[in-house]
$ cat target_13.txt   # compact mmCIF, C-alpha atoms
# COMPACT_ATOMS: atom_id res chain seq x y z
CA MET A 1 -79.33 -20.46 41.50
CA SER A 2 -76.17 -19.42 43.27
CA ASP A 3 -75.81 -19.92 47.04
CA TRP A 4 -74.71 -16.30 47.41
CA LYS A 5 -75.15 -12.90 45.85
CA LEU A 6 -72.88 -9.90 45.62
CA VAL A 7 -74.22 -6.88 47.49
CA GLY A 8 -71.20 -4.61 47.40
CA GLU A 9 -67.61 -4.30 46.39
CA GLU A 10 -64.77 -1.86 46.77
CA ALA A 11 -61.16 -1.26 45.80
CA SER A 12 -58.76 1.03 47.57
CA ILE A 13 -55.17 2.19 47.53
CA VAL A 14 -53.72 3.00 50.93
CA LEU A 15 -50.37 4.65 51.51
CA VAL A 16 -48.70 4.94 54.89
CA GLY A 17 -46.08 7.65 55.24
CA SER A 18 -45.94 11.31 56.05
CA PHE A 19 -48.46 13.55 54.35
CA ASN A 20 -49.55 17.15 54.40
CA PRO A 21 -53.35 16.86 54.27
CA ALA A 22 -53.82 20.57 53.62
CA ILE A 23 -52.42 20.13 50.08
CA PHE A 24 -55.17 17.73 49.12
CA HIS A 25 -57.83 20.15 47.99
CA PRO A 26 -60.07 19.69 44.91
CA GLU A 27 -58.52 22.74 43.27
CA TRP A 28 -55.07 21.18 43.52
CA PHE A 29 -56.27 18.09 41.66
CA ILE A 30 -58.07 20.17 39.03
CA ARG A 31 -55.11 22.51 38.50
CA HIS A 32 -52.78 19.56 37.89
CA LYS A 33 -55.33 17.99 35.51
CA ILE A 34 -55.50 14.86 37.65
CA VAL A 35 -59.30 14.97 37.63
CA PRO A 36 -61.64 16.96 35.41
CA GLU A 37 -63.20 20.09 36.81
CA TRP A 38 -66.32 19.43 38.82
CA ASN A 39 -68.57 21.42 41.06
CA TYR A 40 -67.24 20.14 44.36
CA ASP A 41 -68.94 22.87 46.37
CA ALA A 42 -72.33 21.52 45.40
CA GLN A 43 -71.72 18.13 46.96
CA THR A 44 -73.64 17.61 50.11
CA HIS A 45 -74.70 14.78 52.30
CA GLY A 46 -78.34 14.09 52.98
CA ASN A 47 -77.87 16.03 56.19
CA ASP A 48 -76.41 18.99 54.31
CA GLN A 49 -72.93 18.51 55.71
CA SER A 50 -70.28 19.03 53.09
CA LYS A 51 -68.32 15.97 52.05
CA LEU A 52 -65.32 18.19 51.62
CA ALA A 53 -63.02 18.97 54.53
CA VAL A 54 -59.49 20.25 54.09
CA MET A 55 -57.59 20.97 57.29
CA PRO A 56 -53.99 20.81 58.46
CA ASP A 57 -54.45 17.35 59.93
CA LEU A 58 -57.17 15.82 57.78
CA SER A 59 -58.48 16.13 54.27
CA THR A 60 -61.48 14.34 52.87
CA ILE A 61 -62.75 14.73 49.33
CA GLU A 62 -65.45 12.97 47.40
CA PHE A 63 -64.58 12.97 43.73
CA GLN A 64 -67.17 12.32 41.07
CA ASP A 65 -68.36 8.75 40.53
CA ASP A 66 -68.15 7.53 44.12
CA ARG A 67 -64.43 7.98 44.63
CA HIS A 68 -63.52 8.98 48.17
CA MET A 69 -60.20 10.24 49.40
CA GLN A 70 -59.09 10.68 52.98
CA VAL A 71 -55.67 11.93 54.02
CA LEU A 72 -54.40 11.98 57.57
CA LEU A 73 -50.93 13.01 58.67
CA ASN A 74 -49.71 9.45 58.24
CA LYS A 75 -52.20 7.82 55.92
CA PHE A 76 -53.62 8.35 52.44
CA VAL A 77 -56.69 6.37 51.38
CA LEU A 78 -58.42 6.49 48.01
CA ARG A 79 -61.33 4.13 47.49
CA THR A 80 -64.31 3.49 45.29
CA SER A 81 -67.22 1.08 45.25
CA ARG A 82 -67.59 1.33 41.45
CA ALA A 83 -65.73 -1.30 39.44
CA SER A 84 -65.67 1.07 36.46
CA GLU A 85 -63.54 3.46 38.53
CA TYR A 86 -60.92 1.01 39.80
CA LEU A 87 -58.50 2.01 37.06
CA THR A 88 -58.87 5.71 37.83
CA LEU A 89 -57.76 5.10 41.43
CA LYS A 90 -54.40 4.07 40.06
CA ASP A 91 -54.27 7.07 37.73
CA ILE A 92 -55.07 9.50 40.54
CA VAL A 93 -52.48 8.05 42.93
CA SER A 94 -49.81 7.85 40.19
CA SER A 95 -50.38 11.41 39.08
CA THR A 96 -50.57 12.76 42.62
CA PHE A 97 -47.38 11.17 43.86
CA GLY A 98 -45.66 11.65 40.50
CA ILE A 99 -45.96 15.33 41.40
CA LEU A 100 -45.40 14.95 45.15
CA GLN A 101 -42.31 12.83 44.58
CA GLU A 102 -40.64 13.87 47.81
CA THR A 103 -43.43 12.44 49.97
CA PRO A 104 -41.95 9.77 52.24
CA ILE A 105 -44.00 6.61 51.80
CA ALA A 106 -43.21 3.51 53.83
CA GLN A 107 -46.01 1.12 52.89
CA MET A 108 -48.67 0.65 50.28
CA GLY A 109 -51.83 -1.44 50.31
CA MET A 110 -53.73 -2.46 47.19
CA ASN A 111 -57.06 -3.66 48.48
CA HIS A 112 -60.16 -5.27 47.13
CA SER A 113 -63.19 -6.35 49.13
CA VAL A 114 -66.68 -7.62 48.53
CA VAL A 115 -69.79 -8.09 50.65
CA ILE A 116 -71.81 -11.16 49.84
CA GLU A 117 -75.13 -12.37 51.18
CA ILE A 118 -75.76 -16.04 51.89
CA PRO A 119 -79.55 -16.23 52.25
CA ASP A 120 -79.90 -19.87 53.22
CA ASP A 121 -79.56 -20.50 57.00
CA ASP A 122 -77.76 -23.80 56.63
CA LYS A 123 -75.34 -22.48 54.04
CA TRP A 124 -74.63 -19.45 56.23
CA ILE A 125 -73.82 -21.62 59.24
CA SER A 126 -71.83 -24.08 57.16
CA PHE A 127 -69.77 -21.25 55.62
CA GLY A 128 -68.76 -20.01 59.08
CA GLU A 129 -68.09 -23.53 60.29
CA LYS A 130 -65.76 -24.24 57.37
CA VAL A 131 -63.87 -20.97 57.75
CA ALA A 132 -63.56 -21.23 61.55
CA PRO A 133 -64.53 -24.62 62.97
CA LYS A 134 -66.32 -24.35 66.32
CA ALA A 135 -65.20 -27.65 67.84
CA PRO A 136 -61.89 -26.40 69.31
CA TRP A 137 -63.74 -23.59 71.06
CA HIS A 138 -65.85 -26.07 73.00
CA SER A 139 -62.59 -27.29 74.56
CA ILE A 140 -61.08 -23.84 74.93
CA ALA A 141 -64.21 -22.48 76.66
CA PRO A 142 -65.89 -25.59 78.17
CA TYR A 143 -68.68 -23.55 79.78
CA ILE A 144 -70.19 -23.25 76.31
CA ASN A 145 -71.24 -26.91 76.55
CA GLU A 146 -73.43 -26.06 79.55
CA LEU A 147 -75.35 -23.28 77.81
CA ASP A 148 -78.78 -23.66 76.25
CA GLU A 149 -78.99 -24.14 72.49
CA ASP A 150 -79.86 -20.55 71.69
CA ARG A 151 -76.78 -19.24 73.45
CA LYS A 152 -74.59 -21.93 71.94
CA LYS A 153 -75.63 -20.65 68.52
CA THR A 154 -73.95 -17.33 69.21
CA LEU A 155 -70.56 -19.07 68.94
CA GLY A 156 -69.11 -18.66 65.49
CA LEU A 157 -66.98 -16.77 63.03
CA TRP A 158 -66.90 -13.02 63.54
CA ASP A 159 -63.66 -11.71 62.10
CA MET A 160 -60.66 -13.61 60.80
CA THR A 161 -57.45 -12.53 59.08
CA VAL A 162 -54.92 -14.89 57.55
CA GLN A 163 -51.48 -13.97 56.32
CA LEU A 164 -50.24 -15.38 53.02
CA PRO A 165 -46.83 -14.96 51.42
CA ARG A 166 -46.84 -12.70 48.38
CA PRO A 167 -47.00 -14.40 44.99
CA ASP A 168 -44.35 -12.01 43.64
CA ASP A 169 -40.92 -10.86 44.83
CA ALA A 170 -42.13 -7.63 46.44
CA LEU A 171 -41.63 -7.14 50.16
CA GLY A 172 -44.85 -7.55 52.09
CA TYR A 173 -47.72 -9.96 52.45
CA ILE A 174 -51.26 -10.76 51.39
CA ARG A 175 -53.91 -10.69 54.11
CA PRO A 176 -57.37 -12.04 53.36
CA THR A 177 -59.94 -11.01 55.96
CA ILE A 178 -63.33 -12.62 56.40
CA LYS A 179 -65.67 -10.65 58.59
CA VAL A 180 -69.36 -10.72 59.42
CA ASP A 181 -70.85 -7.55 57.95
CA ASN A 182 -74.47 -7.99 58.97
CA ILE A 183 -75.52 -11.00 60.97
CA THR A 184 -79.27 -10.64 60.49
CA GLN A 185 -78.97 -10.26 56.73
CA HIS A 186 -76.37 -13.04 56.53
CA ARG A 187 -73.79 -10.76 54.98
CA VAL A 188 -70.09 -11.40 55.13
CA SER A 189 -67.30 -9.14 53.97
CA ILE A 190 -64.25 -10.68 52.31
CA GLY A 191 -61.28 -8.41 51.80
CA ILE A 192 -57.80 -8.87 50.38
CA ASN A 193 -55.02 -6.57 51.58
CA SER A 194 -52.03 -6.75 49.26
CA HIS A 195 -49.43 -5.03 51.39
CA ILE A 196 -46.08 -3.74 50.14
CA ASP A 197 -43.24 -2.61 52.38
CA VAL A 198 -41.49 0.07 50.43
CA GLY A 199 -37.99 -0.50 51.85
CA ASP A 200 -35.36 1.47 49.97
CA GLN A 201 -37.63 2.28 47.04
CA SER A 202 -38.25 5.89 46.18
CA THR A 203 -41.77 7.21 45.83
CA ILE A 204 -41.36 7.21 42.05
CA GLU A 205 -40.37 3.54 42.08
CA LEU A 206 -43.43 2.82 44.19
CA VAL A 207 -45.62 4.68 41.70
CA ASP A 208 -44.03 2.63 38.89
CA TYR A 209 -44.81 -0.55 40.80
CA LEU A 210 -48.42 0.55 41.28
CA ASN A 211 -48.72 1.42 37.58
CA SER A 212 -47.53 -1.95 36.44
CA HIS A 213 -49.18 -4.12 39.10
CA TRP A 214 -52.55 -2.61 40.04
CA GLU A 215 -54.68 -4.58 37.56
CA GLU A 216 -52.70 -7.74 38.27
CA ASN A 217 -53.27 -7.30 42.01
CA LEU A 218 -56.99 -6.74 41.51
CA ALA A 219 -57.27 -9.85 39.36
CA TYR A 220 -55.37 -11.86 41.95
CA ALA A 221 -57.62 -10.53 44.75
CA LYS A 222 -60.75 -11.40 42.76
CA ASP A 223 -59.46 -14.94 42.23
CA LEU A 224 -58.68 -15.32 45.93
CA ILE A 225 -62.12 -14.04 46.91
CA ASN A 226 -63.85 -16.41 44.49
CA ASN A 227 -61.78 -19.29 45.81
CA ILE A 228 -62.62 -18.38 49.41
CA ILE A 229 -66.33 -18.30 48.59
CA ASN A 230 -66.39 -21.45 46.48
CA CYS A 231 -64.13 -23.42 48.79
CA HIS A 232 -66.31 -22.70 51.83
CA LEU A 233 -69.72 -22.95 50.19
CA GLU A 234 -69.35 -26.13 48.20
CA GLU A 235 -70.88 -29.28 49.63
CA MET B 1 -42.55 21.80 70.21
CA ALA B 2 -45.59 20.36 68.51
CA GLU B 3 -46.39 16.82 69.49
CA THR B 4 -48.84 14.64 67.69
CA ALA B 5 -50.17 11.52 69.31
CA LEU B 6 -51.90 9.09 67.03
CA ASN B 7 -53.40 6.32 69.09
CA TYR B 8 -54.08 3.77 66.43
CA SER B 9 -52.24 1.24 64.37
CA ASN B 10 -49.98 3.13 62.02
CA ASN B 11 -48.49 0.33 60.04
CA ASP B 12 -51.55 -1.08 58.42
CA THR B 13 -52.36 -0.53 54.78
CA TYR B 14 -55.89 -1.81 54.99
CA LYS B 15 -58.52 0.86 54.75
CA ASP B 16 -60.41 0.03 57.95
CA SER B 17 -57.50 -0.56 60.23
CA TYR B 18 -59.08 0.96 63.30
CA SER B 19 -60.16 -1.35 66.06
CA ALA B 20 -63.76 -1.44 67.20
CA ASP B 21 -63.65 1.37 69.69
CA THR B 22 -60.55 3.10 68.59
CA HIS B 23 -60.21 6.56 69.98
CA LEU B 24 -58.12 8.64 67.67
CA LYS B 25 -56.93 11.77 69.27
CA LEU B 26 -54.52 14.38 68.06
CA ASP B 27 -53.04 16.55 70.76
CA TRP B 28 -51.03 19.62 70.11
CA ALA B 29 -48.87 20.57 73.01
CA SER B 30 -48.48 23.99 72.42
CA ASP B 31 -45.68 26.27 72.52
CA ASN B 32 -46.65 27.19 69.01
CA THR B 33 -50.23 27.97 69.93
CA GLY B 34 -49.60 29.58 73.25
CA SER B 35 -52.24 27.69 75.20
CA GLN B 36 -53.37 24.16 75.80
CA PRO B 37 -56.20 23.31 73.46
CA SER B 38 -59.32 21.89 74.96
CA ASP B 39 -60.65 18.53 73.88
CA ASP B 40 -63.08 20.32 71.62
CA ASP B 41 -60.25 22.09 69.91
CA CYS B 42 -58.83 19.14 68.18
CA THR B 43 -60.32 15.72 68.59
CA ILE B 44 -61.24 12.99 66.22
CA ASP B 45 -63.47 10.31 67.63
CA GLN B 46 -64.23 7.20 65.74
CA HIS B 47 -67.01 4.90 66.76
CA SER B 48 -66.91 1.94 64.49
CA GLN B 49 -70.48 0.87 65.08
CA GLY B 50 -71.99 4.11 63.83
CA LYS B 51 -69.08 4.64 61.44
CA SER B 52 -69.05 8.27 62.26
CA TYR B 53 -66.12 10.59 62.61
CA GLN B 54 -66.29 13.89 64.30
CA LEU B 55 -63.46 16.29 64.00
CA THR B 56 -63.33 19.67 65.50
CA ASN B 57 -60.54 22.16 65.82
CA ARG B 58 -60.23 25.80 66.50
CA TYR B 59 -60.47 26.69 62.83
CA SER B 60 -63.11 24.42 61.48
CA ARG B 61 -65.59 21.74 62.22
CA ALA B 62 -66.72 18.92 60.05
CA VAL B 63 -68.70 15.78 60.44
CA ILE B 64 -67.63 13.12 58.05
CA GLN B 65 -70.03 10.30 57.79
CA ASN B 66 -68.60 7.09 56.59
CA GLU B 67 -71.50 4.80 55.99
CA SER B 68 -70.93 1.17 55.27
CA SER B 69 -68.20 1.87 52.78
CA THR B 70 -68.06 -1.40 50.89
CA ILE B 71 -71.75 -1.36 50.08
CA GLY B 72 -72.14 1.42 47.59
CA HIS B 73 -75.39 2.59 46.14
CA ILE B 74 -74.55 1.06 42.78
CA ILE B 75 -72.70 -2.09 41.74
CA ASP B 76 -71.11 -2.10 38.30
CA ASP B 77 -71.50 -5.47 36.63
CA ILE B 78 -69.03 -4.99 33.78
CA LYS B 79 -69.60 -7.31 30.85
CA GLN B 80 -67.18 -5.80 28.37
CA GLU B 81 -64.18 -3.56 28.67
CA PHE B 82 -62.23 -1.95 25.83
CA SER B 83 -58.92 -0.12 25.92
CA CYS B 84 -59.12 2.68 23.35
CA VAL B 85 -56.95 5.32 21.69
CA VAL B 86 -58.32 8.37 19.88
CA THR B 87 -57.18 8.25 16.23
CA ALA B 88 -59.08 11.15 14.60
CA ILE B 89 -61.42 14.00 15.52
CA ASP B 90 -64.08 15.41 13.22
CA THR B 91 -65.34 18.60 14.84
CA SER B 92 -67.76 19.39 12.00
CA GLU B 93 -69.58 16.09 12.51
CA GLU B 94 -69.02 16.26 16.28
CA GLU B 95 -67.50 12.82 16.46
CA PHE B 96 -64.16 11.12 16.93
CA SER B 97 -62.69 7.80 15.93
CA ALA B 98 -60.85 5.39 18.17
CA GLN B 99 -59.01 2.15 17.88
CA ILE B 100 -60.47 -0.22 20.45
CA SER B 101 -58.94 -3.38 21.92
CA ASP B 102 -61.15 -5.85 23.71
CA ILE B 103 -59.76 -6.44 27.21
CA THR B 104 -62.53 -8.85 28.19
CA THR B 105 -61.93 -11.08 25.17
CA PRO B 106 -58.38 -10.31 24.05
CA GLU B 107 -58.62 -12.80 21.15
CA ASN B 108 -60.98 -10.42 19.39
CA PRO B 109 -59.24 -8.26 16.78
CA ASP B 110 -58.84 -4.51 17.30
CA GLU B 111 -61.52 -2.38 15.71
CA GLU B 112 -61.95 1.21 14.58
CA VAL B 113 -65.14 2.93 15.78
CA TRP B 114 -66.66 6.39 15.47
CA LEU B 115 -68.21 7.88 18.60
CA SER B 116 -70.29 11.00 19.03
CA PHE B 117 -69.08 13.87 21.20
CA ASN B 118 -72.28 13.29 23.18
CA GLU B 119 -70.77 10.08 24.54
CA ILE B 120 -68.13 11.90 26.59
CA GLN B 121 -68.11 14.45 29.38
CA ASP B 122 -67.75 18.14 28.57
CA SER B 123 -64.53 18.34 30.57
CA ASP B 124 -63.02 15.54 28.48
CA LEU B 125 -64.28 17.09 25.25
CA GLU B 126 -62.47 20.34 26.01
CA GLN B 127 -59.10 18.61 25.91
CA LEU B 128 -59.85 15.82 23.45
CA ALA B 129 -56.78 15.11 21.30
CA VAL B 130 -55.53 12.42 18.97
CA GLY B 131 -53.56 9.90 21.02
CA ASP B 132 -55.69 10.24 24.16
CA SER B 133 -56.42 6.90 25.75
CA PHE B 134 -59.66 5.92 27.39
CA VAL B 135 -61.45 2.87 28.71
CA TRP B 136 -64.94 1.97 27.57
CA TYR B 137 -67.08 -0.07 29.92
CA ILE B 138 -70.32 -1.77 28.91
CA GLY B 139 -72.45 -3.65 31.41
CA TYR B 140 -75.20 -3.33 33.96
CA GLN B 141 -75.67 -1.24 37.07
CA GLN B 142 -77.79 -2.21 40.01
CA GLY B 143 -78.14 -1.43 43.67
CA PRO B 144 -80.48 -1.26 46.64
CA LEU B 145 -82.16 1.84 45.22
CA VAL B 146 -81.46 1.27 41.54
CA SER B 147 -83.15 -1.28 39.33
CA ARG B 148 -80.92 -3.20 36.96
CA GLN B 149 -80.10 -1.14 33.91
CA SER B 150 -77.53 -1.24 31.16
CA PHE B 151 -74.72 1.30 31.07
CA SER B 152 -71.99 2.41 28.73
CA LYS B 153 -69.26 4.53 30.27
CA ILE B 154 -66.25 6.15 28.69
CA ARG B 155 -63.52 7.05 31.10
CA PHE B 156 -60.58 9.06 29.76
CA ARG B 157 -57.25 8.23 31.36
CA ARG B 158 -55.53 11.11 33.07
CA LEU B 159 -52.07 9.71 33.09
CA PRO B 160 -49.24 10.96 35.27
CA VAL B 161 -47.94 14.34 34.30
CA TRP B 162 -44.23 14.45 33.37
CA SER B 163 -42.26 16.75 35.63
CA GLN B 164 -39.79 19.25 34.13
CA ARG B 165 -36.95 17.26 35.69
CA GLU B 166 -38.14 14.04 34.07
CA ILE B 167 -38.37 15.80 30.70
CA GLU B 168 -34.84 17.16 31.12
CA VAL B 169 -33.47 13.73 32.08
CA ALA B 170 -35.22 12.10 29.11
CA SER B 171 -33.95 14.83 26.72
CA SER B 172 -30.43 14.45 28.01
CA ARG B 173 -30.58 10.66 27.56
CA ALA B 174 -32.02 11.07 24.05
CA LYS B 175 -29.15 13.40 23.13
CA GLU B 176 -26.58 10.92 24.49
CA LEU B 177 -28.08 8.13 22.38
CA SER B 178 -28.34 10.36 19.33
CA ASP B 179 -24.66 11.35 19.68
CA PHE B 180 -23.67 7.72 20.16
CA PHE B 181 -25.46 6.49 17.05
CA THR B 182 -24.27 9.43 14.96
CA LYS B 183 -20.68 8.66 15.95
CA GLN B 184 -21.16 4.92 15.26
CA SER B 185 -22.59 5.49 11.79
CA SER B 186 -19.78 7.88 10.89
CA THR B 187 -17.12 5.25 11.70
CA LEU B 188 -18.69 2.45 9.66
CA PRO B 189 -16.45 1.10 6.87
$ encode --input "target_13.txt" --output "structure tokens"
Amino acid sequence: MSDWKLVGEEASIVLVGSFNPAIFHPEWFIRHKIVPEWNYDAQTHGNDQSKLAVMPDLSTIEFQDDRHMQVLLNKFVLRTSRASEYLTLKDIVSSTFGILQETPIAQMGMNHSVVIEIPDDDKWISFGEKVAPKAPWHSIAPYINELDEDRKKTLGLWDMTVQLPRPDDALGYIRPTIKVDNITQHRVSIGINSHIDVGDQSTIELVDYLNSHWEENLAYAKDLINNIINCHLEE
Amino acid sequence: MAETALNYSNNDTYKDSYSADTHLKLDWASDNTGSQPSDDDCTIDQHSQGKSYQLTNRYSRAVIQNESSTIGHIIDDIKQEFSCVVTAIDTSEEEFSAQISDITTPENPDEEVWLSFNEIQDSDLEQLAVGDSFVWYIGYQQGPLVSRQSFSKIRFRRLPVWSQREIEVASSRAKELSDFFTKQSSTLP
């Protein structure tokens, strides 16, 4: 039996630039045949609040099949927790900014994250210890040594981001983040941010890059995540 | 002049780039509105613990709940994935054929399969055409509220639409090449 189990995953494409959120309305996507027609008015939360909001400074849409879009004046985010929809994220972004070619975009993030649960107490503690060893912190904050055992146990990994060089020639970086998601359920979130600085590229060139590299980036992120888990959970 | 203040990290392309108690506030100073808006007029507050956003402005009000985003209700455990192209449509039998390539095991040879119209969404059926590409996923779904069950999902690609300008550029380039090759062939010995 594995030492961990997958409890959630997500992929997202994030663009940083200058956007006009008011454009991003379901009808706009339907009219341009970017998504099939769907009854977006019928979507409601459990509390009957609509998931749809389109305003001058913010737009949020929930497409079918758990795909969520949020656009602020400076940020566009499209994400899904369904692996069978990862490819459609790319198609939606490519089609959208193939049409909105004049949109100034400065940065792009291709992200993948998972939440895993490590049920065993010892494995949970050992995972944190391997990712972020506690020993240096006993020297950095010597008062910890004087505390009782229960309080000492509250020392540990909470949130860590590392920067890696990119494996390709694109401008940017790779940032894996390891973060406690739920301490009582022993859940940790591991995310990979594949960040691209657009530089002199046009929006169309960026869309081309996304089209040809999205699957490759996802595969790379999955490998990194597996390596992070295996490297820190093995004996 | 309108002034927008965004008090959070702008240069981050990770989805949850807000810090724990980030207060995101958009202020419009207002010679274009004629009066100073109150806090209730246009404020977005984010409290990371509750993952709730509240946005109000003078025109509209919405509460956007962003529950633990990475943990969806359903996890797709994809066992097999095929890249497919529609090769024929038989409306009388209500089925279509497709050439399928195994992405999960690329060594497998391509195959031709017939699928019923019932396998695809109505919106995809309306514009089904030879040459359309789609991805076919086969696997299992499970989640906190869903017991493990098999699934088969066909997802038609909605590929980027060509703009008129792109079509004109491509046509112009095609004409240049056509002229070039015509001229070359006419000067052959």
$ closest_atom_pairs --input "target_13.txt" --of "chain A" --to "chain B" --cutoff "6 Å" --atoms "all atoms listed in the file" --output "JSON lines"
{"residue": "A:Gly8", "atom": "CA", "partner": "B:Ile71", "partner_atom": "CA", "distance": 4.2}
{"residue": "A:Glu9", "atom": "CA", "partner": "B:Thr70", "partner_atom": "CA", "distance": 5.4}
{"residue": "A:Glu10", "atom": "CA", "partner": "B:Thr70", "partner_atom": "CA", "distance": 5.3}
{"residue": "A:Val14", "atom": "CA", "partner": "B:Thr13", "partner_atom": "CA", "distance": 5.4}
{"residue": "A:Ile34", "atom": "CA", "partner": "B:Arg158", "partner_atom": "CA", "distance": 5.9}
{"residue": "A:Pro36", "atom": "CA", "partner": "B:Ser123", "partner_atom": "CA", "distance": 5.8}
{"residue": "A:Ser81", "atom": "CA", "partner": "B:Gly72", "partner_atom": "CA", "distance": 5.5}
{"residue": "A:Arg82", "atom": "CA", "partner": "B:Asp76", "partner_atom": "CA", "distance": 5.8}
{"residue": "A:Ala83", "atom": "CA", "partner": "B:Asp76", "partner_atom": "CA", "distance": 5.6}
{"residue": "A:Asp91", "atom": "CA", "partner": "B:Leu159", "partner_atom": "CA", "distance": 5.8}
{"residue": "A:Ser94", "atom": "CA", "partner": "B:Pro160", "partner_atom": "CA", "distance": 5.8}
{"residue": "A:Ser95", "atom": "CA", "partner": "B:Pro160", "partner_atom": "CA", "distance": 4.0}
{"residue": "A:Met108", "atom": "CA", "partner": "B:Thr13", "partner_atom": "CA", "distance": 5.9}
{"residue": "A:Gly109", "atom": "CA", "partner": "B:Thr13", "partner_atom": "CA", "distance": 4.6}
{"residue": "A:Asn193", "atom": "CA", "partner": "B:Tyr14", "partner_atom": "CA", "distance": 5.9}
$ residues_around --input "target_13.txt" --residues "Asp197 in chain A" --least-positions-apart "6" --cutoff "12 Å" --atoms "all atoms listed in the file" --output "ChimeraX atom specification"
/A:14-17,105-110,166,169-174,203,206,209 /B:11-13
$ closest_residue --input "target_13.txt" --among "B:Phe117, B:Phe82, B:Phe96, B:Phe181" --to "Ser84 in chain A" --atoms "only C-alpha atoms"
B:Phe82
$ atom_distance --input "target_13.txt" --atom1 "CA of Lys222 in chain A" --atom2 "CA of Ala11 in chain A"
10.6 Å
$ atom_distance --input "target_13.txt" --atom1 "CA of Ser178 in chain B" --atom2 "CA of Asp208 in chain A"
26.2 Å
$ residues_around --input "target_13.txt" --residues "range 225-231 of chain A" --least-positions-apart "5" --cutoff "12 Å" --atoms "all atoms listed in the file" --output "PyMOL selection string"
chain A and resi 2-6+9+111-118+123-124+126-128+130-131+162+175-178+188-193+218-220
$ atom_distance --input "target_13.txt" --atom1 "CA of Glu85 in chain A" --atom2 "CA of Asp66 in chain A"
8.3 Å
